[in-house]
Amino acid sequence: MSDLHVVTGAGPVGTTIAEQLAAAGTSVRVLTRSGSGPVHPLIERRAVDVNDRDRLAEAVDGAVAVYHCIHGSQYSARTWLAELPRAEQTMLEVAGRAGAVVVFPESLYSYGPVDRPMTEDMPRTADFGKPAVRVQLLRARDASPTPTVSVAASDFIGPHVRNAHAGERMVPNILAGKTVQVFGKADLPHSFTYLPDLAAAMIRSAADRTLWNSFLHAPTAPAVSMRELVGALGAAAQVPTPKVFAVPGWTLRTAGVVNTLMRELAEMNYQFERPFVLDSSRSEKLLGRTPTPLAEVAAGTVAWWKSVSAGEQGTASAPGHRPVPSVQA
């Protein structure tokens, strides 16, 4: 049990971390409320609520590292504030008693609106809405005696990424030859982090004690515009370059008057109305890793979506079976 790694959550990040660890021959225990998670001989799946301190302590016992990959049940500051600080504090206390480091996937929200590429030494002091919640979480990690690492990524792209700007709202349309709708301005540079690169960085940071108690940037390829990204995905899929329709910010803000999700998206749309560039060069040196090139990112993303499509078609055609919706947890 000395090499046990625990992953909380079986959404895109948790699943990718568990798969990478298992592929490397490491024992993994995945914790979700339902007991779901990826299937592999080295992956044990347990039904555990991270707010159940006793069950959580039992599940974490013997672990050398915990990858805490849960998120709020709704995309709102109110929900995050009600759910995430308590869950993280419980995990930090339990993991600390077990002697495990806790590694967190982190967003770039805490930087707030920026006017230059984001580097690790920039202030993380955003004071509004969802970004302020992320700031609060980061400060609590810093104050905890339990060793932690926060690995920040930009918008996700890659296998298992569905509910994202470069997920189900983009790639299936490209494969089907349909127009792709994007938020904000389509020709500004924007960073996208390949999910396998984030997972590998988190695993590496857990293994290197010199990286504990730090804030890192996941290795991320040079920023491209949304239009360039769509073009790269189209090239990887060997389809004509799709048309791109940019949804202006005022549309989201107007819809947000009556629609809660649109209001929450509008709060973060500054990321798509100005250049949004993540500089990971310092962390790349510390981690000893470089980002996957864009062409490989596009190829890996398209290949995964094609496999998902083929699998769903096969399931749909089987008598008595219906496709099961993906649940990000």
# chains A, B, ... in the order shown; residues from 1 in each chain; ligands from 1
>>> select_by_dssp(residues="range 20-268 of chain A", states="helix (DSSP H, G or I)", output="PyMOL selection string")
chain A and resi 20-23+53-60+77-98+109-111+129-143+171-175+195-207+209-211+226-237+249-255+260-267
>>> closest_atom_pairs(of="range 116-176 of chain A", to="range 220-234 of chain A", cutoff="9 Å", atoms="only C-alpha atoms", output="JSON lines")
{"residue": "A:Ala153", "atom": "CA", "partner": "A:Thr220", "partner_atom": "CA", "distance": 7.7}
{"residue": "A:Ser154", "atom": "CA", "partner": "A:Thr220", "partner_atom": "CA", "distance": 8.0}
{"residue": "A:Ala166", "atom": "CA", "partner": "A:Leu229", "partner_atom": "CA", "distance": 8.6}
{"residue": "A:Met170", "atom": "CA", "partner": "A:Val230", "partner_atom": "CA", "distance": 7.8}
{"residue": "A:Val171", "atom": "CA", "partner": "A:Leu233", "partner_atom": "CA", "distance": 7.5}
{"residue": "A:Ile174", "atom": "CA", "partner": "A:Gly234", "partner_atom": "CA", "distance": 6.2}
{"residue": "A:Leu175", "atom": "CA", "partner": "A:Gly234", "partner_atom": "CA", "distance": 7.5}
>>> write_last_selection(atoms="all heavy atoms", output="PDB file, in the first residue's frame")
ATOM      1  N   ALA A 153      -4.256  25.466 -14.906  1.00  0.00           N
ATOM      2  CA  ALA A 153      -4.368  25.230 -16.349  1.00  0.00           C
ATOM      3  C   ALA A 153      -5.329  26.238 -16.943  1.00  0.00           C
ATOM      4  O   ALA A 153      -6.187  26.789 -16.251  1.00  0.00           O
ATOM      5  CB  ALA A 153      -4.864  23.813 -16.621  1.00  0.00           C
ATOM      6  N   SER A 154      -5.204  26.457 -18.236  1.00  0.00           N
ATOM      7  CA  SER A 154      -6.169  27.278 -18.953  1.00  0.00           C
ATOM      8  C   SER A 154      -7.321  26.372 -19.385  1.00  0.00           C
ATOM      9  O   SER A 154      -7.479  25.255 -18.883  1.00  0.00           O
ATOM     10  CB  SER A 154      -5.508  27.958 -20.153  1.00  0.00           C
ATOM     11  OG  SER A 154      -6.332  28.984 -20.655  1.00  0.00           O
ATOM     12  N   ALA A 166     -13.641  24.001 -25.757  1.00  0.00           N
ATOM     13  CA  ALA A 166     -13.076  23.151 -26.816  1.00  0.00           C
ATOM     14  C   ALA A 166     -13.562  21.715 -26.672  1.00  0.00           C
ATOM     15  O   ALA A 166     -12.865  20.775 -27.051  1.00  0.00           O
ATOM     16  CB  ALA A 166     -11.550  23.202 -26.769  1.00  0.00           C
ATOM     17  N   MET A 170     -17.694  22.341 -29.603  1.00  0.00           N
ATOM     18  CA  MET A 170     -16.799  22.624 -30.725  1.00  0.00           C
ATOM     19  C   MET A 170     -16.515  21.395 -31.576  1.00  0.00           C
ATOM     20  O   MET A 170     -16.797  21.376 -32.785  1.00  0.00           O
ATOM     21  CB  MET A 170     -15.477  23.220 -30.212  1.00  0.00           C
ATOM     22  CG  MET A 170     -14.473  23.528 -31.309  1.00  0.00           C
ATOM     23  SD  MET A 170     -12.908  24.224 -30.680  1.00  0.00           S
ATOM     24  CE  MET A 170     -13.438  25.850 -30.133  1.00  0.00           C
ATOM     25  N   VAL A 171     -15.936  20.351 -30.987  1.00  0.00           N
ATOM     26  CA  VAL A 171     -15.389  19.258 -31.789  1.00  0.00           C
ATOM     27  C   VAL A 171     -16.461  18.484 -32.564  1.00  0.00           C
ATOM     28  O   VAL A 171     -16.280  18.227 -33.766  1.00  0.00           O
ATOM     29  CB  VAL A 171     -14.537  18.307 -30.923  1.00  0.00           C
ATOM     30  CG1 VAL A 171     -13.839  17.282 -31.818  1.00  0.00           C
ATOM     31  CG2 VAL A 171     -13.512  19.087 -30.120  1.00  0.00           C
ATOM     32  N   ILE A 174     -17.296  20.347 -35.664  1.00  0.00           N
ATOM     33  CA  ILE A 174     -16.227  20.282 -36.663  1.00  0.00           C
ATOM     34  C   ILE A 174     -16.304  18.970 -37.436  1.00  0.00           C
ATOM     35  O   ILE A 174     -16.233  18.951 -38.675  1.00  0.00           O
ATOM     36  CB  ILE A 174     -14.853  20.431 -35.980  1.00  0.00           C
ATOM     37  CG1 ILE A 174     -14.690  21.841 -35.414  1.00  0.00           C
ATOM     38  CG2 ILE A 174     -13.719  20.110 -36.957  1.00  0.00           C
ATOM     39  CD1 ILE A 174     -13.438  22.029 -34.580  1.00  0.00           C
ATOM     40  N   LEU A 175     -16.481  17.877 -36.721  1.00  0.00           N
ATOM     41  CA  LEU A 175     -16.557  16.567 -37.376  1.00  0.00           C
ATOM     42  C   LEU A 175     -17.770  16.447 -38.284  1.00  0.00           C
ATOM     43  O   LEU A 175     -17.739  15.730 -39.292  1.00  0.00           O
ATOM     44  CB  LEU A 175     -16.594  15.456 -36.319  1.00  0.00           C
ATOM     45  CG  LEU A 175     -15.352  15.334 -35.424  1.00  0.00           C
ATOM     46  CD1 LEU A 175     -15.539  14.236 -34.397  1.00  0.00           C
ATOM     47  CD2 LEU A 175     -14.111  15.084 -36.260  1.00  0.00           C
TER      48      LEU A 175
END
>>> closest_atom_pairs(of="range 68-151 of chain A", to="range 183-196 of chain A", cutoff="12 Å", atoms="only C-alpha atoms", output="JSON lines")
{"residue": "A:Pro105", "atom": "CA", "partner": "A:Leu195", "partner_atom": "CA", "distance": 10.6}
{"residue": "A:Glu106", "atom": "CA", "partner": "A:Thr193", "partner_atom": "CA", "distance": 11.7}
{"residue": "A:Ser107", "atom": "CA", "partner": "A:Thr193", "partner_atom": "CA", "distance": 10.6}
{"residue": "A:Leu108", "atom": "CA", "partner": "A:Ser191", "partner_atom": "CA", "distance": 10.7}
{"residue": "A:Arg116", "atom": "CA", "partner": "A:Pro189", "partner_atom": "CA", "distance": 11.3}
{"residue": "A:Pro117", "atom": "CA", "partner": "A:Ser191", "partner_atom": "CA", "distance": 9.8}
{"residue": "A:Met118", "atom": "CA", "partner": "A:Ser191", "partner_atom": "CA", "distance": 10.3}
{"residue": "A:Val151", "atom": "CA", "partner": "A:Thr193", "partner_atom": "CA", "distance": 11.4}
>>> closest_residue(among="A:Ala140, A:Val102, A:Val94, A:Val114", to="Arg55 in chain A", atoms="only C-alpha atoms")
A:Val94
>>> residues_around(residues="Val180 in chain A", least_positions_apart="4", cutoff="7 Å", atoms="only C-alpha atoms", output="count of residues only")
7
>>> select_by_dssp(residues="range 92-186 of chain A", states="strand (DSSP E or B)", output="number ranges by chain")
A: 101-106, 118, 148-152, 155-157, 180-183
>>> write_last_selection(atoms="all heavy atoms", output="short mmCIF file (atom, residue, chain, number, x, y, z; two decimals), in the first residue's frame")
data_model
loop_
_atom_site.label_atom_id
_atom_site.label_comp_id
_atom_site.auth_asym_id
_atom_site.auth_seq_id
_atom_site.Cartn_x
_atom_site.Cartn_y
_atom_site.Cartn_z
N VAL A 101 0.62 14.16 0.45
CA VAL A 101 0.55 15.47 -0.20
C VAL A 101 -0.76 15.55 -0.96
O VAL A 101 -1.25 14.54 -1.48
CB VAL A 101 1.75 15.69 -1.15
CG1 VAL A 101 1.76 14.64 -2.28
CG2 VAL A 101 1.74 17.09 -1.74
N VAL A 102 -1.36 16.74 -1.03
CA VAL A 102 -2.61 16.94 -1.77
C VAL A 102 -2.32 17.83 -2.97
O VAL A 102 -1.82 18.95 -2.82
CB VAL A 102 -3.71 17.57 -0.91
CG1 VAL A 102 -5.02 17.64 -1.70
CG2 VAL A 102 -3.92 16.77 0.37
N VAL A 103 -2.64 17.32 -4.16
CA VAL A 103 -2.40 18.07 -5.39
C VAL A 103 -3.75 18.47 -5.98
O VAL A 103 -4.65 17.64 -6.13
CB VAL A 103 -1.61 17.22 -6.41
CG1 VAL A 103 -1.27 18.06 -7.64
CG2 VAL A 103 -0.34 16.68 -5.76
N PHE A 104 -3.87 19.74 -6.30
CA PHE A 104 -5.13 20.29 -6.81
C PHE A 104 -4.98 20.75 -8.26
O PHE A 104 -4.00 21.44 -8.59
CB PHE A 104 -5.55 21.52 -5.99
CG PHE A 104 -5.80 21.27 -4.55
CD1 PHE A 104 -4.77 21.35 -3.62
CD2 PHE A 104 -7.08 20.98 -4.09
CE1 PHE A 104 -5.01 21.14 -2.26
CE2 PHE A 104 -7.34 20.76 -2.75
CZ PHE A 104 -6.30 20.84 -1.83
N PRO A 105 -5.94 20.42 -9.12
CA PRO A 105 -6.00 21.11 -10.41
C PRO A 105 -6.59 22.49 -10.15
O PRO A 105 -7.55 22.63 -9.39
CB PRO A 105 -6.96 20.24 -11.23
CG PRO A 105 -7.87 19.63 -10.20
CD PRO A 105 -7.05 19.46 -8.95
N GLU A 106 -6.03 23.51 -10.74
CA GLU A 106 -6.50 24.87 -10.47
C GLU A 106 -6.74 25.61 -11.78
O GLU A 106 -6.15 25.30 -12.81
CB GLU A 106 -5.47 25.61 -9.61
CG GLU A 106 -5.92 26.96 -9.08
CD GLU A 106 -7.27 26.89 -8.39
OE1 GLU A 106 -7.40 26.18 -7.36
OE2 GLU A 106 -8.21 27.54 -8.90
N MET A 118 0.11 35.53 -18.25
CA MET A 118 0.08 35.18 -16.84
C MET A 118 1.30 34.34 -16.47
O MET A 118 1.58 33.32 -17.09
CB MET A 118 -1.20 34.41 -16.52
CG MET A 118 -2.44 35.29 -16.54
SD MET A 118 -3.98 34.33 -16.62
CE MET A 118 -4.04 33.98 -18.40
N THR A 148 0.81 20.84 -0.05
CA THR A 148 -0.08 20.93 -1.21
C THR A 148 0.69 21.40 -2.43
O THR A 148 1.75 22.01 -2.32
CB THR A 148 -1.25 21.90 -0.97
OG1 THR A 148 -0.74 23.25 -0.90
CG2 THR A 148 -2.01 21.58 0.31
N VAL A 149 0.11 21.12 -3.59
CA VAL A 149 0.56 21.72 -4.85
C VAL A 149 -0.69 22.08 -5.63
O VAL A 149 -1.61 21.27 -5.74
CB VAL A 149 1.42 20.75 -5.70
CG1 VAL A 149 1.97 21.48 -6.93
CG2 VAL A 149 2.55 20.14 -4.87
N SER A 150 -0.73 23.28 -6.17
CA SER A 150 -1.82 23.70 -7.05
C SER A 150 -1.24 23.85 -8.45
O SER A 150 -0.27 24.59 -8.65
CB SER A 150 -2.43 25.03 -6.59
OG SER A 150 -2.99 24.91 -5.30
N VAL A 151 -1.81 23.13 -9.41
CA VAL A 151 -1.32 23.18 -10.79
C VAL A 151 -2.40 23.82 -11.65
O VAL A 151 -3.45 23.22 -11.89
CB VAL A 151 -0.97 21.77 -11.31
CG1 VAL A 151 -0.35 21.89 -12.71
CG2 VAL A 151 0.00 21.07 -10.36
N ALA A 152 -2.14 25.04 -12.09
CA ALA A 152 -3.15 25.81 -12.82
C ALA A 152 -3.08 25.55 -14.32
O ALA A 152 -2.00 25.42 -14.89
CB ALA A 152 -2.96 27.30 -12.55
N ASP A 155 -8.14 26.81 -20.32
CA ASP A 155 -9.28 26.01 -20.76
C ASP A 155 -8.80 24.66 -21.27
O ASP A 155 -7.82 24.56 -22.01
CB ASP A 155 -10.03 26.75 -21.88
CG ASP A 155 -10.77 27.96 -21.33
OD1 ASP A 155 -11.88 27.79 -20.83
OD2 ASP A 155 -10.20 29.07 -21.40
N PHE A 156 -9.53 23.62 -20.89
CA PHE A 156 -9.13 22.26 -21.24
C PHE A 156 -9.42 21.93 -22.69
O PHE A 156 -10.38 22.40 -23.28
CB PHE A 156 -9.88 21.23 -20.39
CG PHE A 156 -9.55 21.24 -18.93
CD1 PHE A 156 -10.42 20.69 -18.00
CD2 PHE A 156 -8.36 21.78 -18.47
CE1 PHE A 156 -10.13 20.68 -16.65
CE2 PHE A 156 -8.04 21.78 -17.12
CZ PHE A 156 -8.93 21.23 -16.21
N ILE A 157 -8.59 21.04 -23.22
CA ILE A 157 -8.84 20.41 -24.51
C ILE A 157 -8.25 19.01 -24.43
O ILE A 157 -7.27 18.78 -23.71
CB ILE A 157 -8.21 21.21 -25.67
CG1 ILE A 157 -8.62 20.61 -27.02
CG2 ILE A 157 -6.69 21.29 -25.55
CD1 ILE A 157 -8.20 21.46 -28.22
N VAL A 180 -19.10 26.50 -36.10
CA VAL A 180 -18.72 26.45 -34.69
C VAL A 180 -18.96 27.82 -34.06
O VAL A 180 -18.47 28.84 -34.55
CB VAL A 180 -17.23 26.07 -34.53
CG1 VAL A 180 -16.82 26.12 -33.07
CG2 VAL A 180 -16.98 24.69 -35.12
N GLN A 181 -19.71 27.84 -32.97
CA GLN A 181 -19.95 29.07 -32.23
C GLN A 181 -18.94 29.19 -31.09
O GLN A 181 -18.73 28.23 -30.35
CB GLN A 181 -21.37 29.11 -31.66
CG GLN A 181 -22.46 29.28 -32.70
CD GLN A 181 -23.80 29.54 -32.07
OE1 GLN A 181 -24.00 29.36 -30.87
NE2 GLN A 181 -24.75 29.99 -32.88
N VAL A 182 -18.33 30.35 -30.97
CA VAL A 182 -17.40 30.59 -29.87
C VAL A 182 -17.80 31.88 -29.17
O VAL A 182 -18.42 32.76 -29.76
CB VAL A 182 -15.94 30.70 -30.39
CG1 VAL A 182 -15.51 29.41 -31.07
CG2 VAL A 182 -15.77 31.89 -31.32
N PHE A 183 -17.44 31.99 -27.90
CA PHE A 183 -17.74 33.20 -27.14
C PHE A 183 -16.65 34.24 -27.35
O PHE A 183 -15.48 33.92 -27.55
CB PHE A 183 -17.84 32.87 -25.65
CG PHE A 183 -19.02 32.00 -25.29
CD1 PHE A 183 -18.90 31.01 -24.33
CD2 PHE A 183 -20.23 32.16 -25.92
CE1 PHE A 183 -19.98 30.21 -24.00
CE2 PHE A 183 -21.32 31.37 -25.59
CZ PHE A 183 -21.20 30.39 -24.63
#
>>> residues_around(residues="Ile17 in chain A", least_positions_apart="2", cutoff="12 Å", atoms="only C-alpha atoms", output="PyMOL selection string")
chain A and resi 5-15+19-24+26-30+37-38+43+65-69+103-105+159-160+195-204+206
>>> write_last_selection(atoms="N, CA and C atoms", output="tab-separated table (two decimals), in the first residue's frame")
chain	number	residue	atom	x	y	z
A	5	HIS	N	-2.03	5.83	-4.53
A	5	HIS	CA	-2.42	7.19	-4.86
A	5	HIS	C	-3.94	7.25	-4.88
A	6	VAL	N	-4.50	8.30	-4.29
A	6	VAL	CA	-5.95	8.46	-4.21
A	6	VAL	C	-6.38	9.62	-5.10
A	7	VAL	N	-7.44	9.41	-5.85
A	7	VAL	CA	-8.00	10.44	-6.72
A	7	VAL	C	-9.45	10.66	-6.31
A	8	THR	N	-9.82	11.91	-6.03
A	8	THR	CA	-11.22	12.21	-5.74
A	8	THR	C	-11.86	12.81	-6.99
A	9	GLY	N	-12.97	12.22	-7.41
A	9	GLY	CA	-13.65	12.69	-8.61
A	9	GLY	C	-13.26	11.86	-9.82
A	10	ALA	N	-14.24	11.59	-10.68
A	10	ALA	CA	-13.99	10.82	-11.90
A	10	ALA	C	-14.43	11.61	-13.13
A	11	GLY	N	-14.27	12.93	-13.07
A	11	GLY	CA	-14.50	13.76	-14.24
A	11	GLY	C	-13.28	13.71	-15.13
A	12	PRO	N	-13.12	14.66	-16.03
A	12	PRO	CA	-12.00	14.62	-16.98
A	12	PRO	C	-10.63	14.57	-16.31
A	13	VAL	N	-10.41	15.42	-15.29
A	13	VAL	CA	-9.09	15.46	-14.66
A	13	VAL	C	-8.83	14.21	-13.85
A	14	GLY	N	-9.77	13.85	-12.97
A	14	GLY	CA	-9.58	12.67	-12.14
A	14	GLY	C	-9.41	11.41	-12.97
A	15	THR	N	-10.20	11.26	-14.02
A	15	THR	CA	-10.10	10.08	-14.87
A	15	THR	C	-8.74	10.01	-15.55
A	19	GLU	N	-5.94	7.10	-15.02
A	19	GLU	CA	-5.50	6.30	-16.15
A	19	GLU	C	-3.98	6.36	-16.32
A	20	GLN	N	-3.40	7.55	-16.17
A	20	GLN	CA	-1.95	7.67	-16.32
A	20	GLN	C	-1.21	6.93	-15.22
A	21	LEU	N	-1.69	7.04	-13.99
A	21	LEU	CA	-1.04	6.34	-12.88
A	21	LEU	C	-1.11	4.83	-13.08
A	22	ALA	N	-2.29	4.33	-13.43
A	22	ALA	CA	-2.46	2.88	-13.62
A	22	ALA	C	-1.60	2.38	-14.77
A	23	ALA	N	-1.52	3.17	-15.84
A	23	ALA	CA	-0.70	2.77	-16.99
A	23	ALA	C	0.78	2.66	-16.61
A	24	ALA	N	1.18	3.42	-15.58
A	24	ALA	CA	2.57	3.39	-15.13
A	24	ALA	C	2.80	2.32	-14.07
A	26	THR	N	1.01	1.99	-11.14
A	26	THR	CA	0.75	2.49	-9.79
A	26	THR	C	-0.66	2.12	-9.33
A	27	SER	N	-0.78	1.75	-8.05
A	27	SER	CA	-2.09	1.45	-7.48
A	27	SER	C	-2.87	2.74	-7.25
A	28	VAL	N	-4.12	2.77	-7.69
A	28	VAL	CA	-4.94	3.97	-7.62
A	28	VAL	C	-6.27	3.63	-6.96
A	29	ARG	N	-6.74	4.53	-6.11
A	29	ARG	CA	-8.07	4.40	-5.52
A	29	ARG	C	-8.87	5.65	-5.90
A	30	VAL	N	-9.94	5.46	-6.64
A	30	VAL	CA	-10.78	6.57	-7.09
A	30	VAL	C	-12.01	6.67	-6.19
A	37	GLY	N	-15.94	5.50	-12.07
A	37	GLY	CA	-14.55	5.79	-12.40
A	37	GLY	C	-14.04	4.90	-13.50
A	38	PRO	N	-12.83	5.17	-13.98
A	38	PRO	CA	-12.26	4.35	-15.06
A	38	PRO	C	-12.00	2.92	-14.60
A	43	ILE	N	-6.94	0.03	-10.67
A	43	ILE	CA	-7.80	1.09	-10.15
A	43	ILE	C	-8.91	0.49	-9.30
A	65	ALA	N	-0.14	10.16	-1.91
A	65	ALA	CA	-0.58	11.37	-2.60
A	65	ALA	C	-2.08	11.32	-2.84
A	66	VAL	N	-2.71	12.48	-2.76
A	66	VAL	CA	-4.13	12.63	-3.07
A	66	VAL	C	-4.27	13.68	-4.15
A	67	TYR	N	-5.04	13.39	-5.17
A	67	TYR	CA	-5.33	14.34	-6.24
A	67	TYR	C	-6.80	14.72	-6.07
A	68	HIS	N	-7.03	15.93	-5.59
A	68	HIS	CA	-8.39	16.35	-5.22
A	68	HIS	C	-9.04	17.05	-6.41
A	69	CYS	N	-9.86	16.31	-7.15
A	69	CYS	CA	-10.35	16.78	-8.45
A	69	CYS	C	-11.87	16.95	-8.49
A	103	VAL	N	-2.64	17.32	-4.16
A	103	VAL	CA	-2.40	18.07	-5.39
A	103	VAL	C	-3.75	18.47	-5.98
A	104	PHE	N	-3.87	19.74	-6.30
A	104	PHE	CA	-5.13	20.29	-6.81
A	104	PHE	C	-4.98	20.75	-8.26
A	105	PRO	N	-5.94	20.42	-9.12
A	105	PRO	CA	-6.00	21.11	-10.41
A	105	PRO	C	-6.59	22.49	-10.15
A	159	PRO	N	-8.82	14.40	-24.65
A	159	PRO	CA	-9.68	13.29	-24.27
A	159	PRO	C	-10.41	13.54	-22.96
A	160	HIS	N	-11.66	13.11	-22.90
A	160	HIS	CA	-12.55	13.22	-21.73
A	160	HIS	C	-13.10	14.64	-21.52
A	195	LEU	N	-5.31	18.23	-21.64
A	195	LEU	CA	-5.58	17.58	-20.36
A	195	LEU	C	-4.51	16.56	-19.96
A	196	PRO	N	-4.01	15.72	-20.87
A	196	PRO	CA	-2.94	14.81	-20.47
A	196	PRO	C	-1.70	15.52	-19.93
A	197	ASP	N	-1.42	16.74	-20.41
A	197	ASP	CA	-0.28	17.50	-19.90
A	197	ASP	C	-0.52	17.96	-18.47
A	198	LEU	N	-1.75	18.38	-18.16
A	198	LEU	CA	-2.08	18.77	-16.79
A	198	LEU	C	-1.95	17.57	-15.86
A	199	ALA	N	-2.52	16.43	-16.24
A	199	ALA	CA	-2.47	15.25	-15.39
A	199	ALA	C	-1.02	14.83	-15.12
A	200	ALA	N	-0.20	14.83	-16.16
A	200	ALA	CA	1.20	14.43	-16.00
A	200	ALA	C	1.94	15.39	-15.07
A	201	ALA	N	1.62	16.68	-15.17
A	201	ALA	CA	2.26	17.67	-14.30
A	201	ALA	C	1.85	17.47	-12.85
A	202	MET	N	0.59	17.14	-12.61
A	202	MET	CA	0.13	16.90	-11.25
A	202	MET	C	0.81	15.67	-10.65
A	203	ILE	N	0.93	14.62	-11.44
A	203	ILE	CA	1.59	13.40	-10.96
A	203	ILE	C	3.06	13.68	-10.66
A	204	ARG	N	3.70	14.41	-11.54
A	204	ARG	CA	5.12	14.75	-11.35
A	204	ARG	C	5.30	15.60	-10.09
A	206	ALA	N	3.53	15.68	-7.41
A	206	ALA	CA	3.32	14.87	-6.21
A	206	ALA	C	4.58	14.08	-5.86
>>> closest_residue(among="A:Arg162, A:Arg78, A:Lys306, A:Arg282", to="Thr119 in chain A", atoms="only C-alpha atoms")
A:Arg282
>>> atom_distance(atom1="CA of Asp49 in chain A", atom2="CA of Val64 in chain A")
20.0 Å
>>> residues_around(residues="Val60 in chain A", least_positions_apart="3", cutoff="7 Å", atoms="only C-alpha atoms", output="list of chain:residue names")
A:Val6, A:Leu56, A:Ala57, A:Ala63, A:Ala95, A:Ala98
>>> write_last_selection(atoms="C-alpha atoms", output="PDB file, in the first residue's frame")
ATOM      1  CA  VAL A   6      -5.947   8.457  -4.208  1.00  0.00           C
ATOM      2  CA  LEU A  56     -12.669   9.591   3.754  1.00  0.00           C
ATOM      3  CA  ALA A  57      -9.996   8.919   6.394  1.00  0.00           C
ATOM      4  CA  ALA A  63      -1.822   6.950   0.521  1.00  0.00           C
ATOM      5  CA  ALA A  95      -4.563  13.749   4.143  1.00  0.00           C
ATOM      6  CA  ALA A  98      -2.194  10.193   6.632  1.00  0.00           C
TER       7      ALA A  98
END
>>> residues_around(residues="Glu264 in chain A", least_positions_apart="2", cutoff="9 Å", atoms="only C-alpha atoms", output="list in words")
Tyr75, Ser76, Ala77, Gly129, Lys130, Gly256, Asn259, Thr260, Leu261, Met262, Ala266, Glu267 and Met268 of chain A
>>> closest_residue(among="A:Thr241, A:Gly25, A:Glu93, A:Leu81", to="Asp54 in chain A", atoms="only C-alpha atoms")
A:Glu93
>>> closest_residue(among="A:Pro275, A:Gly99, A:Ala218, A:Leu92", to="Asp142 in chain A", atoms="only C-alpha atoms")
A:Leu92
>>> closest_residue(among="A:Ala143, A:Ser205, A:Ala132, A:Pro172", to="Leu286 in chain A", atoms="only C-alpha atoms")
A:Ser205
